[in-house]
Every structure is written in C-alpha cells, then in structure tokens.
$ cat model_22.txt   # compact mmCIF, C-alpha atoms and all ligand atoms
# COMPACT_ATOMS: atom_id res chain seq x y z
CA MET U 1 5.05 40.08 -22.86
CA THR U 2 3.88 36.59 -23.85
CA SER U 3 5.80 33.77 -22.19
CA ASN U 4 5.06 30.26 -23.48
CA ALA U 5 5.17 27.34 -21.10
CA ASN U 6 4.35 23.88 -22.27
CA ILE U 7 2.29 23.14 -19.19
CA LEU U 8 0.73 25.64 -16.83
CA ILE U 9 -0.78 24.24 -13.63
CA VAL U 10 -3.21 26.46 -11.75
CA GLY U 11 -3.33 25.39 -8.09
CA ALA U 12 -0.50 24.27 -5.79
CA GLY U 13 -2.64 22.09 -3.53
CA MET U 14 -1.63 18.48 -2.93
CA VAL U 15 -2.89 17.35 -6.35
CA GLY U 16 -1.46 20.24 -8.42
CA LEU U 17 1.94 19.78 -6.78
CA ALA U 18 1.89 16.01 -7.33
CA ALA U 19 1.07 16.58 -11.03
CA ALA U 20 3.83 19.22 -11.28
CA ASN U 21 6.42 16.86 -9.78
CA LEU U 22 5.46 14.01 -12.09
CA LEU U 23 5.54 16.19 -15.21
CA ALA U 24 8.62 18.27 -14.36
CA ARG U 25 10.77 15.13 -14.30
CA ASP U 26 10.41 14.88 -18.08
CA GLU U 27 12.91 17.18 -19.72
CA ARG U 28 10.66 17.59 -22.75
CA LEU U 29 8.19 19.49 -20.56
CA THR U 30 8.44 22.98 -19.11
CA VAL U 31 6.19 23.30 -16.11
CA THR U 32 4.90 26.44 -14.41
CA VAL U 33 2.68 26.42 -11.31
CA VAL U 34 0.65 29.42 -10.13
CA ASP U 35 -1.35 29.66 -6.93
CA ALA U 36 -3.38 32.55 -5.59
CA GLY U 37 -2.56 31.66 -1.98
CA LYS U 38 0.50 31.99 0.23
CA ARG U 39 3.29 29.42 0.09
CA PRO U 40 2.42 26.78 2.71
CA GLU U 41 5.14 26.49 5.36
CA PHE U 42 5.60 23.56 7.74
CA ALA U 43 7.90 23.44 10.78
CA ILE U 44 8.31 20.29 12.84
CA ASP U 45 7.66 22.22 16.07
CA ASP U 46 4.24 23.34 14.80
CA ASP U 47 1.25 21.66 16.44
CA VAL U 48 -0.57 19.11 14.28
CA SER U 49 -2.52 21.25 11.84
CA LEU U 50 -6.30 21.06 11.52
CA ARG U 51 -6.47 19.50 8.06
CA VAL U 52 -5.35 15.89 7.81
CA SER U 53 -6.06 13.22 5.20
CA ALA U 54 -6.22 9.44 5.25
CA ILE U 55 -3.64 8.46 2.64
CA ALA U 56 -4.29 5.07 1.04
CA PRO U 57 -1.45 2.70 0.07
CA GLY U 58 -1.97 3.50 -3.64
CA SER U 59 -1.21 7.17 -2.87
CA SER U 60 1.82 6.51 -0.66
CA THR U 61 3.22 4.39 -3.50
CA LEU U 62 2.72 7.32 -5.90
CA LEU U 63 4.34 9.75 -3.44
CA SER U 64 7.25 7.28 -3.11
CA SER U 65 7.68 7.26 -6.88
CA ILE U 66 7.90 11.07 -6.78
CA GLY U 67 10.57 10.71 -4.08
CA VAL U 68 8.76 12.43 -1.21
CA TRP U 69 7.17 9.67 0.84
CA GLN U 70 10.22 9.01 3.02
CA GLN U 71 10.44 12.73 3.89
CA ILE U 72 6.75 12.74 4.76
CA VAL U 73 7.12 9.71 7.03
CA GLU U 74 10.14 11.31 8.73
CA LYS U 75 8.16 14.48 9.41
CA ARG U 76 4.88 13.31 10.93
CA VAL U 77 2.44 10.56 9.99
CA CYS U 78 0.34 8.05 11.88
CA PRO U 79 -0.21 4.61 10.37
CA TYR U 80 -3.58 2.97 10.91
CA THR U 81 -3.80 -0.78 10.90
CA ASN U 82 -7.51 -1.21 11.63
CA MET U 83 -10.77 0.38 10.63
CA LYS U 84 -14.14 0.06 12.35
CA VAL U 85 -17.37 1.44 10.90
CA TRP U 86 -20.65 1.02 12.74
CA ASP U 87 -24.18 2.28 12.89
CA ALA U 88 -25.79 4.19 15.78
CA ALA U 89 -28.32 1.34 15.96
CA GLY U 90 -25.50 -1.08 16.88
CA HIS U 91 -22.20 -0.85 18.75
CA ALA U 92 -18.52 -0.90 17.78
CA ASP U 93 -18.06 -4.58 18.66
CA GLY U 94 -21.39 -5.72 17.22
CA PRO U 95 -21.72 -8.38 14.47
CA GLU U 96 -22.83 -5.81 11.89
CA THR U 97 -19.77 -3.55 12.42
CA LEU U 98 -17.55 -3.33 9.35
CA SER U 99 -14.11 -4.17 10.65
CA PHE U 100 -10.92 -4.35 8.58
CA GLU U 101 -7.38 -5.25 9.53
CA ALA U 102 -4.25 -4.59 7.47
CA ALA U 103 -3.00 -8.15 8.03
CA GLU U 104 -5.96 -9.69 6.17
CA PHE U 105 -4.84 -7.78 3.03
CA ALA U 106 -1.18 -8.71 3.65
CA LEU U 107 -0.36 -5.05 4.29
CA PRO U 108 1.63 -3.54 7.17
CA GLN U 109 -1.06 -0.84 7.49
CA LEU U 110 -4.30 0.20 5.80
CA GLY U 111 -2.97 3.73 5.31
CA PHE U 112 -1.59 6.78 7.07
CA ILE U 113 -3.14 9.88 8.59
CA VAL U 114 -1.05 12.79 7.31
CA GLU U 115 -1.38 16.56 7.65
CA ASN U 116 -2.14 18.12 4.26
CA ILE U 117 0.58 20.71 4.87
CA VAL U 118 3.21 18.01 5.41
CA ILE U 119 2.40 16.56 1.99
CA GLN U 120 2.38 19.99 0.32
CA ASP U 121 5.64 20.98 1.99
CA ALA U 122 7.42 17.80 0.86
CA LEU U 123 6.08 18.12 -2.71
CA LEU U 124 7.14 21.78 -2.86
CA HIS U 125 10.68 21.07 -1.68
CA GLN U 126 10.98 18.29 -4.25
CA LEU U 127 9.63 20.53 -7.02
CA GLU U 128 12.18 23.19 -6.15
CA HIS U 129 14.88 20.72 -7.24
CA THR U 130 13.45 20.67 -10.77
CA ASP U 131 13.31 23.38 -13.46
CA ALA U 132 9.63 24.06 -12.73
CA ALA U 133 8.70 27.69 -11.99
CA ILE U 134 6.43 28.15 -8.95
CA HIS U 135 4.55 31.37 -8.24
CA PHE U 136 2.50 31.88 -5.08
CA ASP U 137 0.43 34.99 -4.28
CA THR U 138 -0.35 35.10 -7.98
CA GLN U 139 -3.82 36.13 -9.12
CA ILE U 140 -5.20 35.20 -12.50
CA ASP U 141 -6.99 37.99 -14.27
CA SER U 142 -8.53 36.06 -17.16
CA ILE U 143 -8.52 32.73 -18.97
CA ARG U 144 -9.71 32.89 -22.58
CA ARG U 145 -9.98 30.33 -25.33
CA ASP U 146 -7.66 31.19 -28.23
CA GLY U 147 -8.15 28.68 -31.06
CA ASP U 148 -7.43 25.23 -29.67
CA ARG U 149 -5.45 26.52 -26.69
CA TYR U 150 -6.06 28.89 -23.75
CA GLU U 151 -4.53 32.26 -23.03
CA ILE U 152 -4.08 33.04 -19.34
CA GLU U 153 -3.41 36.57 -18.17
CA LEU U 154 -2.16 37.21 -14.65
CA GLN U 155 -3.02 40.37 -12.74
CA SER U 156 0.62 41.36 -13.24
CA ALA U 157 -0.27 41.43 -17.02
CA ARG U 158 2.02 38.46 -17.67
CA LYS U 159 0.50 36.13 -20.28
CA PHE U 160 0.79 32.41 -20.93
CA ARG U 161 -0.40 30.35 -23.89
CA PRO U 162 0.53 26.85 -22.75
CA ASP U 163 0.17 23.69 -24.78
CA LEU U 164 -1.78 22.39 -21.82
CA LEU U 165 -3.50 24.23 -18.99
CA ILE U 166 -4.13 22.00 -15.96
CA GLY U 167 -6.87 23.11 -13.57
CA ALA U 168 -5.90 21.87 -10.09
CA ASP U 169 -7.57 24.78 -8.36
CA GLY U 170 -10.00 22.92 -6.12
CA ALA U 171 -13.75 22.49 -5.92
CA LYS U 172 -14.60 26.09 -6.85
CA SER U 173 -12.23 25.92 -9.84
CA PHE U 174 -11.86 29.20 -11.74
CA VAL U 175 -10.24 27.28 -14.61
CA ARG U 176 -13.29 25.02 -14.87
CA SER U 177 -15.72 27.91 -14.89
CA CYS U 178 -13.68 29.84 -17.51
CA ALA U 179 -13.75 26.73 -19.70
CA GLU U 180 -17.54 26.63 -19.17
CA ILE U 181 -17.48 23.04 -17.98
CA PRO U 182 -20.68 22.36 -16.01
CA VAL U 183 -20.73 20.27 -12.83
CA ARG U 184 -23.29 17.88 -11.42
CA LEU U 185 -23.87 18.87 -7.81
CA TRP U 186 -25.10 16.82 -4.83
CA GLN U 187 -26.02 18.95 -1.84
CA HIS U 188 -25.52 17.07 1.42
CA ARG U 189 -26.93 19.82 3.64
CA GLN U 190 -24.06 18.94 5.98
CA LYS U 191 -20.98 20.65 7.29
CA ALA U 192 -17.88 18.87 8.53
CA PHE U 193 -16.85 20.04 12.00
CA VAL U 194 -13.15 19.25 12.48
CA THR U 195 -10.94 19.33 15.58
CA HIS U 196 -8.35 17.29 17.50
CA LEU U 197 -9.30 15.41 20.65
CA ARG U 198 -7.41 13.62 23.42
CA PRO U 199 -9.17 10.26 23.95
CA GLY U 200 -9.43 8.56 27.36
CA LEU U 201 -8.46 5.24 25.74
CA ASN U 202 -5.57 4.48 23.37
CA HIS U 203 -6.72 4.97 19.76
CA GLY U 204 -5.09 1.66 18.87
CA ASN U 205 -4.01 2.94 15.42
CA THR U 206 -7.60 2.42 14.37
CA ALA U 207 -9.73 4.69 12.17
CA TRP U 208 -13.16 4.77 13.86
CA GLN U 209 -16.38 5.89 12.20
CA ARG U 210 -19.87 5.87 13.69
CA PHE U 211 -22.91 6.74 11.58
CA VAL U 212 -25.55 8.79 13.38
CA SER U 213 -28.67 10.14 11.71
CA ASP U 214 -27.21 13.62 10.96
CA GLY U 215 -24.11 12.09 9.36
CA PRO U 216 -20.95 10.18 10.31
CA VAL U 217 -18.40 11.03 13.01
CA GLY U 218 -14.86 9.83 12.29
CA LEU U 219 -11.95 9.59 14.77
CA LEU U 220 -8.62 9.28 12.97
CA PRO U 221 -5.46 8.39 14.92
CA LEU U 222 -2.67 10.98 15.23
CA GLN U 223 0.97 10.24 16.04
CA ASP U 224 0.85 12.03 19.43
CA GLY U 225 -2.05 9.93 20.74
CA ARG U 226 -4.77 12.43 19.89
CA VAL U 227 -7.44 11.76 17.26
CA SER U 228 -8.58 14.02 14.44
CA CYS U 229 -12.36 14.26 14.62
CA VAL U 230 -14.41 14.85 11.45
CA TRP U 231 -18.07 15.17 12.40
CA SER U 232 -20.39 15.61 9.40
CA THR U 233 -23.61 17.09 10.67
CA THR U 234 -26.20 19.77 10.02
CA PRO U 235 -24.69 23.21 9.35
CA ALA U 236 -26.42 24.52 12.51
CA LYS U 237 -24.86 21.82 14.75
CA ALA U 238 -21.42 22.28 13.18
CA ASP U 239 -21.57 26.04 13.79
CA GLU U 240 -22.82 25.44 17.32
CA ALA U 241 -19.85 23.11 17.96
CA LEU U 242 -17.45 25.85 16.82
CA ALA U 243 -18.73 28.10 19.62
CA MET U 244 -19.06 25.50 22.44
CA SER U 245 -16.97 25.53 25.61
CA ALA U 246 -14.39 22.71 25.88
CA GLN U 247 -16.63 20.91 28.39
CA GLN U 248 -19.74 21.14 26.20
CA LEU U 249 -17.80 19.94 23.15
CA SER U 250 -16.27 17.08 25.11
CA ASN U 251 -19.75 15.95 26.24
CA ARG U 252 -21.22 16.25 22.74
CA LEU U 253 -18.45 14.37 20.89
CA THR U 254 -18.06 11.68 23.58
CA ASP U 255 -21.79 11.04 23.29
CA ILE U 256 -21.88 11.04 19.47
CA SER U 257 -18.93 8.64 19.27
CA ASP U 258 -20.70 6.33 21.77
CA ALA U 259 -17.68 6.81 24.09
CA VAL U 260 -15.83 4.23 22.00
CA LEU U 261 -12.54 5.83 23.12
CA ASP U 262 -13.96 6.86 26.50
CA ARG U 263 -14.05 10.63 27.22
CA LEU U 264 -12.83 12.86 24.40
CA THR U 265 -11.16 16.11 25.46
CA PRO U 266 -10.81 18.91 22.87
CA GLU U 267 -7.15 19.76 22.34
CA GLY U 268 -6.54 21.66 19.13
CA PRO U 269 -7.94 24.14 16.61
CA ARG U 270 -11.52 23.92 15.31
CA GLY U 271 -12.97 24.46 11.86
CA ALA U 272 -16.08 23.73 9.81
CA PHE U 273 -16.27 23.02 6.08
CA ALA U 274 -19.40 23.03 3.91
CA LEU U 275 -19.86 19.65 2.24
CA GLU U 276 -20.95 19.32 -1.35
CA SER U 277 -20.17 16.56 -3.80
CA GLN U 278 -19.77 17.47 -7.43
CA HIS U 279 -18.55 15.95 -10.66
CA ALA U 280 -17.45 17.91 -13.72
CA GLU U 281 -19.34 16.84 -16.84
CA ARG U 282 -16.04 16.85 -18.74
CA TYR U 283 -12.47 16.72 -17.46
CA VAL U 284 -10.91 18.00 -20.69
CA THR U 285 -11.29 20.35 -23.62
CA ALA U 286 -8.63 21.04 -26.25
CA GLY U 287 -5.68 22.55 -24.37
CA LEU U 288 -7.11 21.95 -20.88
CA ALA U 289 -7.44 19.19 -18.28
CA LEU U 290 -8.94 19.18 -14.78
CA VAL U 291 -7.51 17.13 -11.90
CA GLY U 292 -8.40 16.60 -8.24
CA ASP U 293 -11.23 18.53 -6.59
CA ALA U 294 -11.52 20.76 -9.68
CA ALA U 295 -12.86 17.64 -11.46
CA HIS U 296 -14.67 15.95 -8.54
CA ALA U 297 -15.34 16.74 -4.90
CA ILE U 298 -16.52 13.93 -2.66
CA HIS U 299 -17.92 13.63 0.88
CA PRO U 300 -15.00 13.00 3.28
CA LEU U 301 -16.63 10.00 5.00
CA ALA U 302 -14.57 7.46 3.05
CA GLY U 303 -11.36 9.53 3.01
CA GLN U 304 -11.11 9.32 -0.77
CA GLY U 305 -10.87 12.92 -2.11
CA VAL U 306 -7.16 13.49 -2.41
CA ASN U 307 -6.53 9.82 -3.14
CA LEU U 308 -8.70 10.10 -6.25
CA GLY U 309 -6.89 13.35 -7.12
CA PHE U 310 -3.46 11.68 -6.91
CA ALA U 311 -4.73 8.92 -9.20
CA ASP U 312 -5.84 11.62 -11.70
CA ALA U 313 -2.41 13.28 -11.60
CA SER U 314 -0.70 9.95 -12.14
CA LYS U 315 -2.92 8.96 -15.07
CA LEU U 316 -2.63 12.38 -16.73
CA ALA U 317 1.17 12.24 -16.51
CA GLN U 318 1.26 8.66 -17.90
CA THR U 319 -0.99 9.70 -20.79
CA ILE U 320 1.15 12.74 -21.59
CA PHE U 321 4.41 10.75 -21.53
CA ALA U 322 2.98 8.04 -23.80
CA GLU U 323 1.70 10.61 -26.29
CA LEU U 324 4.97 12.57 -26.28
CA ASP U 325 6.76 9.32 -27.12
CA ARG U 326 4.44 9.03 -30.12
CA GLY U 327 5.17 12.62 -31.15
CA GLU U 328 1.66 13.85 -30.32
CA SER U 329 0.92 17.31 -28.95
CA VAL U 330 -0.03 17.04 -25.28
CA GLY U 331 -2.91 19.50 -25.49
CA ASP U 332 -4.76 17.85 -28.35
CA LEU U 333 -8.26 16.70 -27.50
CA PRO U 334 -7.92 13.03 -28.57
CA VAL U 335 -4.83 12.77 -26.31
CA LEU U 336 -6.62 14.32 -23.33
CA ARG U 337 -9.72 12.19 -23.89
CA LYS U 338 -7.59 9.12 -23.08
CA TYR U 339 -6.95 10.58 -19.62
CA GLU U 340 -10.62 11.48 -19.18
CA ARG U 341 -11.82 8.01 -20.19
CA ALA U 342 -9.37 6.40 -17.77
CA ARG U 343 -10.53 8.40 -14.74
CA THR U 344 -14.20 9.38 -15.10
CA GLY U 345 -15.66 5.91 -14.47
CA ALA U 346 -13.59 5.18 -11.34
CA ASN U 347 -14.31 8.62 -9.89
CA GLN U 348 -18.04 8.41 -10.67
CA LEU U 349 -18.27 4.98 -9.06
CA MET U 350 -16.66 6.23 -5.85
CA LEU U 351 -18.80 9.42 -5.80
CA SER U 352 -22.01 7.43 -6.19
CA PHE U 353 -20.98 4.82 -3.62
CA VAL U 354 -20.04 7.39 -0.97
CA ASP U 355 -23.12 9.52 -1.64
CA GLY U 356 -25.35 6.43 -1.40
CA LEU U 357 -23.68 5.38 1.85
CA ASN U 358 -24.21 8.82 3.37
CA ARG U 359 -27.89 8.81 2.37
CA LEU U 360 -28.49 5.27 3.57
CA PHE U 361 -27.09 6.03 7.01
CA SER U 362 -28.39 9.58 7.41
CA THR U 363 -31.93 8.61 8.32
CA ASP U 364 -33.89 7.91 11.50
CA SER U 365 -36.08 5.26 9.85
CA ALA U 366 -36.15 2.09 12.02
CA SER U 367 -36.85 -0.18 9.04
CA LEU U 368 -33.89 1.26 7.13
CA ALA U 369 -31.70 0.78 10.21
CA GLN U 370 -32.70 -2.90 10.25
CA LEU U 371 -31.96 -3.21 6.55
CA ARG U 372 -28.57 -1.55 7.02
CA GLY U 373 -27.68 -3.94 9.83
CA ALA U 374 -28.61 -6.94 7.66
CA GLY U 375 -26.69 -5.43 4.71
CA MET U 376 -23.57 -4.85 6.83
CA CYS U 377 -23.69 -8.43 8.17
CA ALA U 378 -24.07 -9.73 4.60
CA PHE U 379 -21.16 -7.52 3.43
CA ASN U 380 -18.98 -8.85 6.27
CA LYS U 381 -19.62 -12.39 5.05
CA SER U 382 -19.36 -11.60 1.34
CA GLY U 383 -15.69 -12.69 0.96
CA PRO U 384 -14.52 -11.66 -2.54
CA VAL U 385 -16.97 -8.72 -2.79
CA ARG U 386 -15.74 -7.31 0.53
CA ASN U 387 -12.08 -7.85 -0.46
CA HIS U 388 -12.56 -6.20 -3.84
CA ALA U 389 -14.34 -3.15 -2.34
CA VAL U 390 -11.62 -2.65 0.28
CA GLN U 391 -8.81 -3.03 -2.26
CA VAL U 392 -10.42 -0.38 -4.50
CA ALA U 393 -10.70 1.99 -1.51
CA LEU U 394 -7.05 1.35 -0.66
CA GLY U 395 -6.04 2.22 -4.23
CA ILE U 396 -4.33 -1.15 -4.74
CA ARG U 397 -6.80 -2.45 -7.32
C1 LIG U 401 -13.13 17.79 6.42
C2 LIG U 401 -12.46 17.13 5.25
C3 LIG U 401 -11.75 15.95 5.45
C4 LIG U 401 -11.14 15.31 4.38
N1 LIG U 401 -10.48 14.14 4.59
C5 LIG U 401 -9.91 13.49 3.55
C6 LIG U 401 -9.22 12.24 3.75
O1 LIG U 401 -9.12 11.73 4.87
N2 LIG U 401 -8.68 11.63 2.66
C7 LIG U 401 -8.79 12.15 1.41
O2 LIG U 401 -8.31 11.54 0.45
N3 LIG U 401 -9.42 13.33 1.19
C8 LIG U 401 -9.98 14.01 2.22
N4 LIG U 401 -10.61 15.20 2.02
C9 LIG U 401 -10.62 15.77 0.66
C10 LIG U 401 -9.30 16.48 0.33
O3 LIG U 401 -9.02 17.46 1.33
C11 LIG U 401 -9.40 17.14 -1.05
O4 LIG U 401 -9.81 16.15 -1.98
C12 LIG U 401 -8.03 17.70 -1.48
O5 LIG U 401 -7.58 18.68 -0.59
C13 LIG U 401 -8.14 18.30 -2.88
O6 LIG U 401 -6.87 18.71 -3.28
P1 LIG U 401 -6.70 19.62 -4.56
O7 LIG U 401 -5.22 19.86 -4.67
O8 LIG U 401 -7.41 19.03 -5.72
O9 LIG U 401 -7.49 20.99 -4.24
P2 LIG U 401 -7.26 22.05 -3.08
O10 LIG U 401 -6.67 21.43 -1.87
O11 LIG U 401 -8.57 22.75 -2.94
O12 LIG U 401 -6.17 23.05 -3.66
C14 LIG U 401 -6.50 24.00 -4.65
C15 LIG U 401 -5.36 25.00 -4.76
O13 LIG U 401 -5.71 25.92 -5.82
C16 LIG U 401 -5.49 27.25 -5.40
N5 LIG U 401 -6.44 28.10 -6.12
C17 LIG U 401 -7.78 28.12 -6.01
N6 LIG U 401 -8.31 29.03 -6.85
C18 LIG U 401 -7.26 29.59 -7.52
C19 LIG U 401 -7.17 30.59 -8.53
N7 LIG U 401 -8.24 31.20 -9.04
N8 LIG U 401 -5.93 30.92 -8.97
C20 LIG U 401 -4.83 30.31 -8.48
N9 LIG U 401 -4.86 29.36 -7.53
C21 LIG U 401 -6.06 29.00 -7.06
C22 LIG U 401 -5.73 27.24 -3.90
O14 LIG U 401 -5.01 28.29 -3.26
C23 LIG U 401 -5.18 25.86 -3.50
O15 LIG U 401 -3.80 25.90 -3.18
C24 LIG U 401 -11.24 15.87 3.07
C25 LIG U 401 -11.94 17.06 2.86
C26 LIG U 401 -12.56 17.67 3.94
C27 LIG U 401 -13.33 18.95 3.71
$ encode --input "model_22.txt" --output "structure tokens"
Amino acid sequence: MTSNANILIVGAGMVGLAAANLLARDERLTVTVVDAGKRPEFAIDDDVSLRVSAIAPGSSTLLSSIGVWQQIVEKRVCPYTNMKVWDAAGHADGPETLSFEAAEFALPQLGFIVENIVIQDALLHQLEHTDAAIHFDTQIDSIRRDGDRYEIELQSARKFRPDLLIGADGAKSFVRSCAEIPVRLWQHRQKAFVTHLRPGLNHGNTAWQRFVSDGPVGLLPLQDGRVSCVWSTTPAKADEALAMSAQQLSNRLTDISDAVLDRLTPEGPRGAFALESQHAERYVTAGLALVGDAAHAIHPLAGQGVNLGFADASKLAQTIFAELDRGESVGDLPVLRKYERARTGANQLMLSFVDGLNRLFSTDSASLAQLRGAGMCAFNKSGPVRNHAVQVALGIR
C-alpha cells in the first residue's frame, strides 16, 4: 500500500515536534510524524529528569506561538535571571568574569531551564489536537530517492512518498545518511557528565559556568533548589564520575566549580554523553530538508543546540507557508534553498564561536590564560559588541 502524505517528519524530538505543530496548523498540509523510540511520558510527580535545556527567550516566544509555553511553565521550569562565566585562572567575582543580568536587556529573565521531556510532552499533547498522524515505535526500513522525491518504507511495509521529507532525527540522522549528505565533524575529545546536585548556597536563579582546562562545568538552576550539572571533560574522567561514590563525586564537583555554591551534594540520576560538533554540508535536496541536530550538533557549553533547532523549524515553516501562498510545491529545491540560505550562516557562526570558545579555554597554557583574561575584560567593556552577542545568544536578534 502506498499512502501519500504531504509532509513526513522523521523524529519526534523537541525540534521535530515543534516543526510538526507549526506545519499541522495549515490545513493545506497533511503531516505525519514517525519516531523509532517510545512515546515520551511526563508525570508531574516524576523527579526532575536528567536532560534539561536552557531555553532562550526567542524559543519561549516560538513555543508560545505554538500554544504550549503556558503549559510548560505550569508544569516545571526554572527562570534564570543572571549568568556568570569565569575562567579557572580567575574567580566568579573577578573583573574578567562575564556577568549578565536580565534587567540590563530589559527582560524579566535571560531564559528558563526546562526538562526536555516537559517540552516534548507539551508539544505532543498539542499535536494530538491537530489532524497530524503520530507513530512511535516505528522503524524505517529504507529511504530511497525516487525522481525528485523520496520513498520511505517502514518495517511494517507501509510506504510514503511525501512532497517533503523532514529529517529531525538527531545527530546520527538516518535521513541525512540516506540522502548522502556529508557532515563536517569537530571532535572535542570530551564527554558531558550530567547529574543533579543540591548546593550548599542558594543558586540565586543564576546559570554558572567555570572553564577548567579539560572543559567547562555548568551549574543550571532547577525549580526545587537543586542545580543541573553539565561537566564537559575527558571521556575517562566522565566515565570515572559515573562510577564514583556520592562523597567522591561531591568532592570532585565542589572542587571543579571552585565551591561557588559551597558544597555540592549529588541528588539525582547520572549520565554521560559523547560530545561532537558537526554541520551538514547541505540542509536540503529536492524533496528533503534537515532540521535541528540532524543538520547541526553543537557543544552544549552555550546552551544553544535546541534553540538553533527551534529557529530552523520556524524558518522552514515560514518558507513553506510563503511558497504555498505563491502556489509553489513545498518540496521543490529552489523553495527549500530559501530555508537553507536563511539558516546555514547563523548556525555556522554559532558553531564556530562555541567551538573556538571551547578550544580557547581548554588549555593549560599560562600565556593563553592571560590573553583570555584580557579578552574577557575587553569584552565586558565593549558595550554594543557585548550587547549584540548576548542578544544573538538569547534569540532576540
Ligand atoms: C549534555 C547536553 C546538554 C545540552 N544542553 C542544552 C541546552 O541547555 N540548551 C540547548 O539549546 N541545547 C542543549 N543541548 C542540545 C540539545 O539537547 C539538542 O540540540 C536537542 O535535543 C536536539 O533536538 P532534536 O529534536 O533535533 O534531536 P533529538 O533530540 O536527538 O531527537 C531525535 C529524535 O529522532 C528519533 N530518531 C532517531 N533516529 C531515528 C530513525 N532512524 N527513525 C525514526 N526516528 C528516529 C529519536 O528517537 C528522537 O526522538 C544539550 C545537549 C547535551 C548532550
């Protein structure tokens, strides 16, 4: 049986579901979503889950436009109003510390720390109120080019030949590899060790980040007073942290964070994630577009990954609506190129900036440490440059 859907989205992560919600609101489009994994379930009594994301104001505005932000806020979020970034060679209150406050950008907060599953859950519930079809536990058998479109066959033998196939299937995208789109890869030789910690001092709704020579350690505020710790370090140290006793881990992370929040006590699950940055050489071919981590994966130190992905979903939907209004076919290459042109530059800029930052800080060189300190002081005093950079990171520019 061949069933034709106008748009088939592979991947029901945060970005695929945001794209599905945006597109399914247009009655000219029929949207189907398939995901190989289980349907994510969230219950308010569940403990804060391991994976959280810093959601920038640009993304909360997009989620509001989809109609899910209020539900997300009512479930569980933690606003952060301040951000402090400092180097192991200095200290959190030193003159070279990068320090930002929401008030200086006339914002009530710089962003929110939100569990990924809370966002997915809200997007899924919203999508269930549309005509979109959503299939979890669904394996794709093959994706083949057929003229200027793709034919997708599921393991159930069901076939699709959509006008547009959207690859939202994450950094190891099967869609991308079937379309033979190469990626440029940056190996960080780092793993992110992630857990929740109870700090001895109030987190002060501040996102803290200290750069040590192996990589940065971030402490992100959670609603219940704990912090989510993302420690990017060597794979060996991350694996060692997974196996440490609570006391050993407490000592290690308190030391690495320079005890900025006093003693940190582990209180939550642990996980470690290999870190690689990559950028697809193309986001589109005729009949296909990539969004989110399928198109670009970025080091988590600046909390930008899903924020860039939401911006992709938004731009792709805008492009499709504009072209439909003109009577164009949504899968045609010149149409999709407009989306690609709009997103590649911004994503590349952020990838290069974050990669450069990670390299600059991940070194023991004393002369580089001095240079960094001078650079951070200069950045603090740079006025419009500093404001522009922060507004880009917040997704409001
Ligand atoms: C430690 C860590 C901390 C981070 N912190 C932040 C942060 O603070 N802020 C931020 O913006 N970003 C952050 N990120 C990045 C962010 O998590 C990712 O950018 C985001 O999850 C990507 O979403 P996505 O929907 O594109 O892909 P994914 O979340 O990878 O979702 C892909 C979906 O596709 C499905 N799938 C995969 N293969 C197939 C297949 N063959 N067939 C069908 N379905 C398939 C999967 O089941 C999954 O549901 C962090 C990342 C890490 C590792």
$ residues_around --input "model_22.txt" --residues "region 127-136 of chain U" --least-positions-apart "6" --cutoff "7 Å" --atoms "only C-alpha atoms" --output "ChimeraX atom specification"
/U:21,24,30-39
$ residues_around --input "model_22.txt" --residues "Glu276 (chain U)" --least-positions-apart "2" --cutoff "6 Å" --atoms "only C-alpha atoms" --output "number ranges by chain"
U: 186-188
$ closest_residue --input "model_22.txt" --among "U:Asp255, U:Glu328, U:Asp93, U:Glu267" --to "Val227 (chain U)" --atoms "all atoms listed in the file"
U:Glu267
$ atom_distance --input "model_22.txt" --atom1 "CA of Phe310 (chain U)" --atom2 "CA of Pro269 (chain U)"
27.0 Å
$ closest_residue --input "model_22.txt" --among "U:Arg149, U:Ala19, U:Leu357, U:Trp231" --to "Thr254 (chain U)" --atoms "all atoms listed in the file"
U:Trp231
$ closest_atom_pairs --input "model_22.txt" --of "region 158-264 of chain U" --to "region 106-110 of chain U" --cutoff "10 Å" --atoms "only C-alpha atoms" --output "tab-separated table"
residue	atom	partner	partner_atom	distance
U:Asn205	CA	U:Gln109	CA	9.3
U:Thr206	CA	U:Leu110	CA	9.4
U:Ala207	CA	U:Leu110	CA	9.5
$ atom_distance --input "model_22.txt" --atom1 "CA of Arg198 (chain U)" --atom2 "CA of Asp258 (chain U)"
15.2 Å
$ atom_distance --input "model_22.txt" --atom1 "CA of Glu101 (chain U)" --atom2 "CA of Ser232 (chain U)"
24.6 Å
$ residues_around --input "model_22.txt" --residues "region 208-214 of chain U" --least-positions-apart "3" --cutoff "6 Å" --atoms "all atoms listed in the file" --output "PDB file with C-alpha atoms, in the frame of the given file"
ATOM      1  CA  MET U  83     -10.770   0.380  10.630  1.00  0.00           C
ATOM      2  CA  LYS U  84     -14.140   0.060  12.350  1.00  0.00           C
ATOM      3  CA  VAL U  85     -17.370   1.440  10.900  1.00  0.00           C
ATOM      4  CA  TRP U  86     -20.650   1.020  12.740  1.00  0.00           C
ATOM      5  CA  ASP U  87     -24.180   2.280  12.890  1.00  0.00           C
ATOM      6  CA  ALA U  88     -25.790   4.190  15.780  1.00  0.00           C
ATOM      7  CA  VAL U 217     -18.400  11.030  13.010  1.00  0.00           C
ATOM      8  CA  GLY U 218     -14.860   9.830  12.290  1.00  0.00           C
ATOM      9  CA  LEU U 219     -11.950   9.590  14.770  1.00  0.00           C
ATOM     10  CA  THR U 233     -23.610  17.090  10.670  1.00  0.00           C
ATOM     11  CA  SER U 362     -28.390   9.580   7.410  1.00  0.00           C
ATOM     12  CA  THR U 363     -31.930   8.610   8.320  1.00  0.00           C
ATOM     13  CA  ASP U 364     -33.890   7.910  11.500  1.00  0.00           C
TER      14      ASP U 364
END
$ closest_residue --input "model_22.txt" --among "U:Asn380, U:Ser257, U:Ser65, U:Gln278" --to "His91 (chain U)" --atoms "all atoms listed in the file"
U:Ser257
$ decode --input "model_22.txt" --residues "region 14-23 of chain U" --atoms "N, CA and C atoms" --output "short mmCIF file (atom, residue, chain, number, x, y, z; two decimals), in the first residue's frame"
data_model
loop_
_atom_site.label_atom_id
_atom_site.label_comp_id
_atom_site.auth_asym_id
_atom_site.auth_seq_id
_atom_site.Cartn_x
_atom_site.Cartn_y
_atom_site.Cartn_z
N MET U 14 12.33 17.29 20.35
CA MET U 14 11.76 18.63 20.56
C MET U 14 11.62 19.38 19.24
N VAL U 15 12.61 19.23 18.33
CA VAL U 15 12.59 20.02 17.10
C VAL U 15 11.57 19.46 16.11
N GLY U 16 11.55 18.12 15.94
CA GLY U 16 10.58 17.51 15.02
C GLY U 16 9.15 17.83 15.45
N LEU U 17 8.89 17.80 16.76
CA LEU U 17 7.53 18.07 17.24
C LEU U 17 7.16 19.55 17.10
N ALA U 18 8.15 20.43 17.27
CA ALA U 18 7.87 21.86 17.05
C ALA U 18 7.53 22.09 15.58
N ALA U 19 8.32 21.48 14.68
CA ALA U 19 8.04 21.63 13.23
C ALA U 19 6.66 21.07 12.90
N ALA U 20 6.34 19.90 13.47
CA ALA U 20 5.04 19.27 13.18
C ALA U 20 3.89 20.18 13.62
N ASN U 21 4.02 20.77 14.82
CA ASN U 21 2.96 21.66 15.31
C ASN U 21 2.79 22.88 14.41
N LEU U 22 3.91 23.47 14.01
CA LEU U 22 3.83 24.66 13.16
C LEU U 22 3.15 24.32 11.83
N LEU U 23 3.54 23.19 11.23
CA LEU U 23 3.05 22.85 9.90
C LEU U 23 1.61 22.34 9.94
#
